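Trainee: Submitted below is the structure of interest, expressed as structure tokens.
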Amino acid sequence: MNKTRIEWIDLVRAIAILTVLYIHSVDGIYIISSDAILNLTFASRIFQFASLFIGRIGVPFFLMITGYLLLDRVYDDEKVKKFWTKNCKTLIIVTIIWALIYAVSLYFVSNKYAQVNTVEAGNLLFSHMWYMPMIIGMYLSMPFVSKAVGGFDKQTIFQATVIFTILAFLIPFISLLCDMEGIHNITLQYCLGFSGGIYGVYIILGYLVKKEMFKKISSKYLWILTIVSFLFCLLMQYYAYIKGYNFILWYEFPFILTGSFALFELVSRMGSVKFYDEIKFLSKYSFAVFLIHNLFRIPLLPLIVDLPFTEPVKALILWILLIIFSYVAVVIIYRIPKFGKFLLYMR
């Protein structure tokens, strides 16, 4: 970790990992309980929908942090090689190691618990690993993107971002609405090329926040944007539910973009962060916890599901236990000389 720290960045990183653990806890409980509970109460269903918005801000936060910290650097040939060696090469090795760890874990779980659905367990175990190849790809492109954006005024970058956002977020959203209303196959053929797609937009937004592109926007309006984004996500999920439409709230949904961006910009305006020592601890081990936490989700799920509580309470209990077990585990592993730091991709 760098000696010079930005307190609000640590806060965003801490929030990001906690929300990732939260959504994986909620998803785990509701997926396992879905066979036993055919009709969830209205309150329980709304809790699930609200949790999806909360949980989905984690990855955008991580990506915007990446853009904020890495896109305004100056790269030359030598620095590119060092960046790839330090970030991409090690991350690829760590990804392969953890994929093997999860594969072995799935083998033992499926053999020890005959009643466990192997496909379902595998989906839960590997549910977060999609992030790894995505961020590796982003890191590989980072020096070139940095070189490109560095040659233009921030206003020009913003205008390009608006266009990419329309293509990557708004047009698919319109197609989704049409499909829900029975108007199928309304799509436009386009290619976002080297933009990084939806994830690239989040990274560029982080860069623009650092360039103070949005400082003139009142915090009041940003709070309004956050609340409106939350309500739209909630209503969209409920509308899809009552129509029987299979809709999954994901990162290409435009109101996940607007909500997470507004919150990121709001937090960037903070001065000192309260309870910073605790926040710094959560931030320091955040990526390590991201790597390891699903190892605890599978064994904890059967125990939590059988508790005599409602699904929201079970999800909160699982979330708290995941936080405790994951952070204790990474602190212990980190203390293993050389190996621990490498395995957890700690800087």
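Each chain in the structure tokens gets a letter, A, B and so on, in the order shown; residues start at 1 in every chain, and ligands are counted from 1 in the order they appear.
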Quick one: DSSP alpha helix (DSSP H) residues in segment 154-285 of chain A, as JSON, numbers by chain?

Mentor: {"A": [154, 155, 156, 157, 158, 159, 160, 161, 162, 163, 164, 165, 171, 172, 173, 174, 175, 176, 177, 178, 179, 180, 197, 198, 199, 200, 201, 202, 203, 204, 205, 206, 207, 208, 209, 210, 219, 220, 221, 222, 223, 224, 225, 226, 227, 228, 229, 230, 231, 232, 233, 234, 235, 236, 237, 238, 239, 240, 241, 242, 243, 254, 255, 256, 257, 258, 259, 260, 261, 262, 263, 264, 265, 266, 267, 268, 276, 277, 278, 279, 280, 281, 282, 283, 284]}

Trainee: Would you give me, as JSON lines, each residue of segment 182-262 of chain A having an atom within 10 Å of an atom of segment 142-166 of chain A, along with its shortest atom pair and that distance in Å to one decimal, using only C-alpha atoms and sorting by chain and residue number?

Mentor:
{"residue": "A:Leu192", "atom": "CA", "partner": "A:Phe164", "partner_atom": "CA", "distance": 7.4}
{"residue": "A:Phe194", "atom": "CA", "partner": "A:Val145", "partner_atom": "CA", "distance": 9.0}
{"residue": "A:Ser195", "atom": "CA", "partner": "A:Phe164", "partner_atom": "CA", "distance": 7.7}
{"residue": "A:Gly196", "atom": "CA", "partner": "A:Phe164", "partner_atom": "CA", "distance": 9.7}
{"residue": "A:Gly197", "atom": "CA", "partner": "A:Phe164", "partner_atom": "CA", "distance": 7.8}
{"residue": "A:Ile198", "atom": "CA", "partner": "A:Thr165", "partner_atom": "CA", "distance": 7.5}
{"residue": "A:Gly200", "atom": "CA", "partner": "A:Phe164", "partner_atom": "CA", "distance": 9.2}
{"residue": "A:Val201", "atom": "CA", "partner": "A:Thr161", "partner_atom": "CA", "distance": 6.6}
{"residue": "A:Tyr202", "atom": "CA", "partner": "A:Thr165", "partner_atom": "CA", "distance": 9.5}
{"residue": "A:Ile203", "atom": "CA", "partner": "A:Met142", "partner_atom": "CA", "distance": 9.7}
{"residue": "A:Ile204", "atom": "CA", "partner": "A:Thr161", "partner_atom": "CA", "distance": 7.3}
{"residue": "A:Leu205", "atom": "CA", "partner": "A:Thr161", "partner_atom": "CA", "distance": 7.9}
{"residue": "A:Tyr207", "atom": "CA", "partner": "A:Lys154", "partner_atom": "CA", "distance": 9.2}
{"residue": "A:Leu208", "atom": "CA", "partner": "A:Lys154", "partner_atom": "CA", "distance": 6.9}
{"residue": "A:Lys211", "atom": "CA", "partner": "A:Lys154", "partner_atom": "CA", "distance": 7.1}
{"residue": "A:Glu212", "atom": "CA", "partner": "A:Lys154", "partner_atom": "CA", "distance": 9.0}
{"residue": "A:Met213", "atom": "CA", "partner": "A:Lys154", "partner_atom": "CA", "distance": 7.1}
{"residue": "A:Glu252", "atom": "CA", "partner": "A:Thr165", "partner_atom": "CA", "distance": 9.5}
{"residue": "A:Pro254", "atom": "CA", "partner": "A:Thr165", "partner_atom": "CA", "distance": 8.4}
{"residue": "A:Leu257", "atom": "CA", "partner": "A:Thr165", "partner_atom": "CA", "distance": 9.2}

Trainee: Output C-alpha atoms for every residue in that selection, as a PDB file, in the first residue's frame.

Mentor:
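For reference, out36.pdb as written:
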ATOM      1  CA  LEU A 192     -17.706   0.136 -28.713  1.00  0.00           C
ATOM      2  CA  PHE A 194     -11.490   0.066 -27.524  1.00  0.00           C
ATOM      3  CA  SER A 195     -13.770   1.942 -25.118  1.00  0.00           C
ATOM      4  CA  GLY A 196     -13.892  -0.812 -22.492  1.00  0.00           C
ATOM      5  CA  GLY A 197     -17.675  -0.949 -22.769  1.00  0.00           C
ATOM      6  CA  ILE A 198     -19.720  -0.286 -19.653  1.00  0.00           C
ATOM      7  CA  GLY A 200     -14.634   1.565 -19.297  1.00  0.00           C
ATOM      8  CA  VAL A 201     -17.278   4.254 -18.743  1.00  0.00           C
ATOM      9  CA  TYR A 202     -17.039   3.773 -14.969  1.00  0.00           C
ATOM     10  CA  ILE A 203     -13.249   4.096 -15.127  1.00  0.00           C
ATOM     11  CA  ILE A 204     -13.413   7.280 -17.218  1.00  0.00           C
ATOM     12  CA  LEU A 205     -15.934   8.767 -14.783  1.00  0.00           C
ATOM     13  CA  TYR A 207     -10.847  10.063 -14.005  1.00  0.00           C
ATOM     14  CA  LEU A 208     -13.251  12.962 -14.624  1.00  0.00           C
ATOM     15  CA  LYS A 211     -10.243  16.373 -12.912  1.00  0.00           C
ATOM     16  CA  GLU A 212     -13.072  18.097 -10.988  1.00  0.00           C
ATOM     17  CA  MET A 213     -15.405  17.932 -13.965  1.00  0.00           C
ATOM     18  CA  GLU A 252     -25.203  -1.902 -17.624  1.00  0.00           C
ATOM     19  CA  PRO A 254     -28.271   3.190 -16.484  1.00  0.00           C
ATOM     20  CA  LEU A 257     -24.372   4.105 -13.322  1.00  0.00           C
TER      21      LEU A 257
END

Trainee: Using only C-alpha atoms, can you tell me which of A:Tyr245, A:Tyr30, A:Tyr345, A:Phe62 comes closest to Ile333 of chain A?

Mentor: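 Comparing A:Tyr245, A:Tyr30, A:Tyr345, A:Phe62 against Ile333 of chain A, the winner is A:Tyr345.
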
Trainee: Pick the closest to Phe255 of chain A from A:Val330, A:Met134, A:Ile317, A:Leu234: which is it, counting only C-alpha atoms?

Mentor: A:Leu234

Trainee: Do a neighbour search on Val328 of chain A at 12 Å with only C-alpha atoms, toss out local chain neighbours closer than 3 positions, and write the hits as a list in words.

Mentor: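 Residues near the query, excluding close chain neighbours: Phe281, Leu282, Tyr285, Ala288, Val289, Ile292, His293, Phe296, Leu321, Leu322, Ile323, Ile324, Phe325, Val331, Ile332, Ile333, Tyr334 and Arg335 of chain A.
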
Trainee: In Å to one decimal, how far is atom CA of Arg269 of chain A from atom CA of Lys220 of chain A?

Mentor: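 Interatomic distance here is 12.5 Å.
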
Trainee: At a cut-off of 8 Å, using only C-alpha atoms, what residues contact Thr187 of chain A? Leave out same-chain residues fewer than 5 positions from it and give the result as a list in words.

Mentor: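 Answer for this query is Ile171, Pro172 and Ser175 of chain A.
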
Trainee: How far is it from atom CA of Leu63 of chain A to atom CA of Asp277 of chain A, in Å with one decimal?

Mentor: 23.4 Å
